[in-house]
Amino acid sequence: MGRRWNRFQQSVVESQLWKSIFRVGVPNTNRKRVLAMLGNVVLHLHPVKTRKSGVKMRYTWCAGGVTFFLFLVLTFTGLLLMFYYRPTVEYAFVDILDLREQVPFGIMREVHRWGAHAMVITVWIHMFRVFMTGSYKPPREFNWVIGVILLVLTLLLSFTGYLLPWDQLAIWAITVGSNMAAATPLLGIEGPGTGLLKIGDIQLVTSSNDARFALLGGRFVGAGALLRFYVLHCVGIPLIAAFLMAVHFWRVRKDGGISGPV
Amino acid sequence: MSTPQRRAAPPAAAQPPDVLPDGVTRRSTIKWMTLAWVGFAAATGAGLTATLRFLFPNVLFEPPTRFKAGDPQTYAFGVDERWKEKYGVWLVRNTETIYALVAVCTHLGCTPNWLAAQNKFKCPCHGSGYYMSGVNFEGPTPRPLERAEIAVSPDDGQLIVDKATRYLYERGQWSDPKAFVKMV
């Protein structure tokens with residue numbers, strides 16, 4: 001029995017199918033282990049070697065890792081929500097109610113919502129840890145900048161997602177929030193310097209072509225704003241964030257791995 | 001006059017030819033490369049401009065800022081809410097005039113409610129309160145509600161309200177003849 005099993009095992013491992021997927025063979029030497037990691041698109045995302053301090057929870061708090069995990073959870077649950085939610089004035093609010101009442105596992109929206117709150121918190125915790133351990137210092141200063149952009153993108157994801165339930169709280173919160181865009185220098189209708197941009201008596205920047213309008217697709221929070229925020233929330237910002245996360249993780253390794261205690 | 005002695009020229013074979021066999025010269029290469037880059041930059045710029053312009057539609061399906069508000073005599077004393085839902089404007093009649101208050105809170109832009117029992121406008125977002133005149137008296141708002149331009153149409157005697165033109169109390173514009181309609 002044992003011999004037959006071994007023969008079967010060997011025939012599988014030596015088959016063309018197996019070898020075409022796993023090129024290195026049994027990773028029984030250091031060299032083969034490295035090659036196995038580097039030759040696999042999933043495994044290569046993790047460093048081949050990690051310093052002992054890099055997995056020390058009391059030092060890293062794993063806040064960045066938890067943030068990334070939450071991003072994956074939010075991507076997955078968000079994708080599921082997209083099967084039911086329609087970003088129109090007519091349907092948005094009732095679809096949100098139906099997601100809770102009429103869909104099996106009605107907590108999916110709750111997972112998405114609480115996960116989003118948690119992600120904002122863990123991003124701040126991660127930033128706090130990096131700051132307190134001085135991990136923003138050279139050679140990691142560029143990665144700190146990437147991290148700050150990722151923080152802003154996280155907040156924008158939170159902001160755009162807030163409108164989608166289309167209840168009174170959402171509409172007025174976005175009304176208040178998007179009014180800030182009207183104060184953009186030169187590009188916002190109420191921004192500093194905007195009044196100087198005119199030809200004769202004609203203002204170049206008006207309420208129908210300023211920064212706030214570009215965000216809302218209208219002069220107030222309406223159907224256009226709902227659709228624009230939906231597209232930004234589900235496609236635009238996640239794509240940019242995913243790209244910058246790849247850069248962020250890559251730079252962690254290129255800048256000497258997770259910083260350790262001095 | 002004697003010219004300085006020229007150094008011996010290096011062997012001719014080491015020099016790159018000025019004209020390649022197919023007639024391409026340094027000058028023509030630079031000329032065409034410049035043209036190519038200028039063309040590329042122009043095409044990229046045009047593409048970016050088109051993308052940006054795409055975000056600003058030609059037609060807005062929003063209610064117009066200027067509308068006819070009916071016969072002035074149909075307005076009773078006090079705050080009239082018939083245009084609030086559609087145009088975001090209250091028409092207020094007092095003993096002498098009718099004026100149009102824009103229903104946008106001057107704190108952060110929510111829509112206040114008219115509380116008839118308490119005789120005041122109250123914003124549900126952060127609690128700013130305004131008198132019937134539009135002047136603020138409570139909450140975080142820094143200034144009164146804005147008034148819109150109002151006039152009587154010479155054609156049919158109806159009120160015409162134009163939200164695009166605003167009259168601000170803090171600039172002393174509420175006494176402007178276009179900021180109210182005199183009732184006789």
# chains A, B, ... in the order shown; residues from 1 in each chain; ligands from 1
>>> residues_around(residues="B:Ala116", least_positions_apart="6", cutoff="10 Å", atoms="only C-alpha atoms", output="list in words")
Gly78, Val79 and Met132 of chain B
>>> closest_atom_pairs(of="chain B", to="chain A", cutoff="7 Å", atoms="only C-alpha atoms", output="tab-separated table")
residue	atom	partner	partner_atom	distance
B:Leu55	CA	A:Ala214	CA	6.3
B:Phe56	CA	A:Ala214	CA	6.7
B:Leu108	CA	A:Val176	CA	5.3
B:Gly109	CA	A:Val176	CA	6.0
B:Cys110	CA	A:Trp172	CA	6.1
>>> select_by_dssp(residues="stretch 39-73 of chain B", states="alpha helix (DSSP H)", output="PyMOL selection string")
chain B and resi 39-54
>>> write_last_selection(atoms="C-alpha atoms", output="PDB file, in the first residue's frame")
ATOM      1  CA  GLY B  39       2.290  66.462 -31.874  1.00  0.00           C
ATOM      2  CA  PHE B  40       2.294  63.938 -29.028  1.00  0.00           C
ATOM      3  CA  ALA B  41       1.990  66.684 -26.389  1.00  0.00           C
ATOM      4  CA  ALA B  42      -0.862  68.333 -28.317  1.00  0.00           C
ATOM      5  CA  ALA B  43      -2.737  65.032 -28.680  1.00  0.00           C
ATOM      6  CA  THR B  44      -2.255  64.232 -24.968  1.00  0.00           C
ATOM      7  CA  GLY B  45      -3.391  67.712 -23.996  1.00  0.00           C
ATOM      8  CA  ALA B  46      -6.457  67.462 -26.218  1.00  0.00           C
ATOM      9  CA  GLY B  47      -7.291  64.053 -24.746  1.00  0.00           C
ATOM     10  CA  LEU B  48      -6.985  65.333 -21.173  1.00  0.00           C
ATOM     11  CA  THR B  49      -9.057  68.421 -21.978  1.00  0.00           C
ATOM     12  CA  ALA B  50     -11.771  66.271 -23.546  1.00  0.00           C
ATOM     13  CA  THR B  51     -11.763  63.970 -20.496  1.00  0.00           C
ATOM     14  CA  LEU B  52     -12.083  66.911 -18.127  1.00  0.00           C
ATOM     15  CA  ARG B  53     -14.804  68.553 -20.221  1.00  0.00           C
ATOM     16  CA  PHE B  54     -16.709  65.241 -20.259  1.00  0.00           C
TER      17      PHE B  54
END
>>> closest_residue(among="B:Thr65, B:Gln73, B:Tyr131, B:Pro21", to="B:Asn119", atoms="only C-alpha atoms")
B:Tyr131
>>> atom_distance(atom1="atom CA of B:Phe61", atom2="atom CA of A:Gly188")
21.5 Å
>>> residues_around(residues="B:Ala76", least_positions_apart="3", cutoff="12 Å", atoms="only C-alpha atoms", output="MDAnalysis selection string")
chainID B and resid 71:73 79:82 91:98 183
>>> write_last_selection(atoms="C-alpha atoms", output="short mmCIF file (atom, residue, chain, number, x, y, z; two decimals), in the first residue's frame")
data_model
loop_
_atom_site.label_atom_id
_atom_site.label_comp_id
_atom_site.auth_asym_id
_atom_site.auth_seq_id
_atom_site.Cartn_x
_atom_site.Cartn_y
_atom_site.Cartn_z
CA ASP B 71 -50.33 86.38 -8.13
CA PRO B 72 -49.00 88.36 -5.12
CA GLN B 73 -52.52 88.56 -3.70
CA VAL B 79 -44.24 82.28 5.54
CA ASP B 80 -45.46 80.52 2.39
CA GLU B 81 -43.94 77.09 1.76
CA ARG B 82 -45.45 76.28 -1.66
CA LEU B 91 -41.97 83.66 0.00
CA VAL B 92 -42.68 85.71 3.11
CA ARG B 93 -45.35 88.37 3.34
CA ASN B 94 -45.29 90.93 6.11
CA THR B 95 -47.44 94.03 6.56
CA GLU B 96 -45.81 95.96 3.72
CA THR B 97 -43.75 93.65 1.49
CA ILE B 98 -43.18 90.20 0.04
CA MET B 183 -47.67 95.40 -1.24
#
>>> residues_around(residues="stretch 242-258 of chain A", least_positions_apart="6", cutoff="9 Å", atoms="only C-alpha atoms", output="JSON, numbers by chain")
{"A": [45, 47, 50, 51, 53, 54, 55, 60, 68, 135, 138, 139, 140, 142, 143, 144, 146, 147, 149, 150]}
>>> residues_around(residues="B:Tyr87", least_positions_apart="2", cutoff="8 Å", atoms="only C-alpha atoms", output="list in words")
Pro63, Pro64, Thr65, Trp83, Lys84, Glu85 and Val89 of chain B
>>> residues_around(residues="B:Ala151", least_positions_apart="4", cutoff="8 Å", atoms="only C-alpha atoms", output="PDB file with C-alpha atoms, in the first residue's frame")
ATOM      1  CA  LEU B 159     -44.287  87.482  -9.030  1.00  0.00           C
ATOM      2  CA  ILE B 160     -40.954  86.543 -10.623  1.00  0.00           C
ATOM      3  CA  VAL B 161     -38.254  85.111  -8.357  1.00  0.00           C
ATOM      4  CA  LYS B 178     -35.196  94.320  -6.180  1.00  0.00           C
ATOM      5  CA  PHE B 180     -38.697  92.840  -2.094  1.00  0.00           C
ATOM      6  CA  VAL B 181     -42.066  93.657  -3.658  1.00  0.00           C
TER       7      VAL B 181
END
>>> residues_around(residues="A:Val130", least_positions_apart="2", cutoff="12 Å", atoms="only C-alpha atoms", output="ChimeraX atom specification")
/A:59-64,123-128,132-137,140-141,143-144,147-148,252,258-261
>>> select_by_dssp(residues="stretch 128-214 of chain A", states="strand (DSSP E or B)", output="list in words")
Lys198, Ile199, Ile202 and Gln203 of chain A
>>> write_last_selection(atoms="C-alpha atoms", output="mmCIF file, in the first residue's frame")
data_model
loop_
_atom_site.group_PDB
_atom_site.id
_atom_site.type_symbol
_atom_site.label_atom_id
_atom_site.label_comp_id
_atom_site.auth_asym_id
_atom_site.auth_seq_id
_atom_site.Cartn_x
_atom_site.Cartn_y
_atom_site.Cartn_z
ATOM 1 C CA LYS A 198 -12.886 86.962 -15.100
ATOM 2 C CA ILE A 199 -12.979 88.420 -18.576
ATOM 3 C CA ILE A 202 -18.000 87.610 -16.905
ATOM 4 C CA GLN A 203 -16.904 85.254 -14.119
#
>>> closest_residue(among="A:Val152, A:Leu204, A:Leu80, A:Phe71", to="A:Trp114", atoms="only C-alpha atoms")
A:Phe71
>>> atom_distance(atom1="atom CA of B:Arg171", atom2="atom CA of B:Val104")
18.0 Å
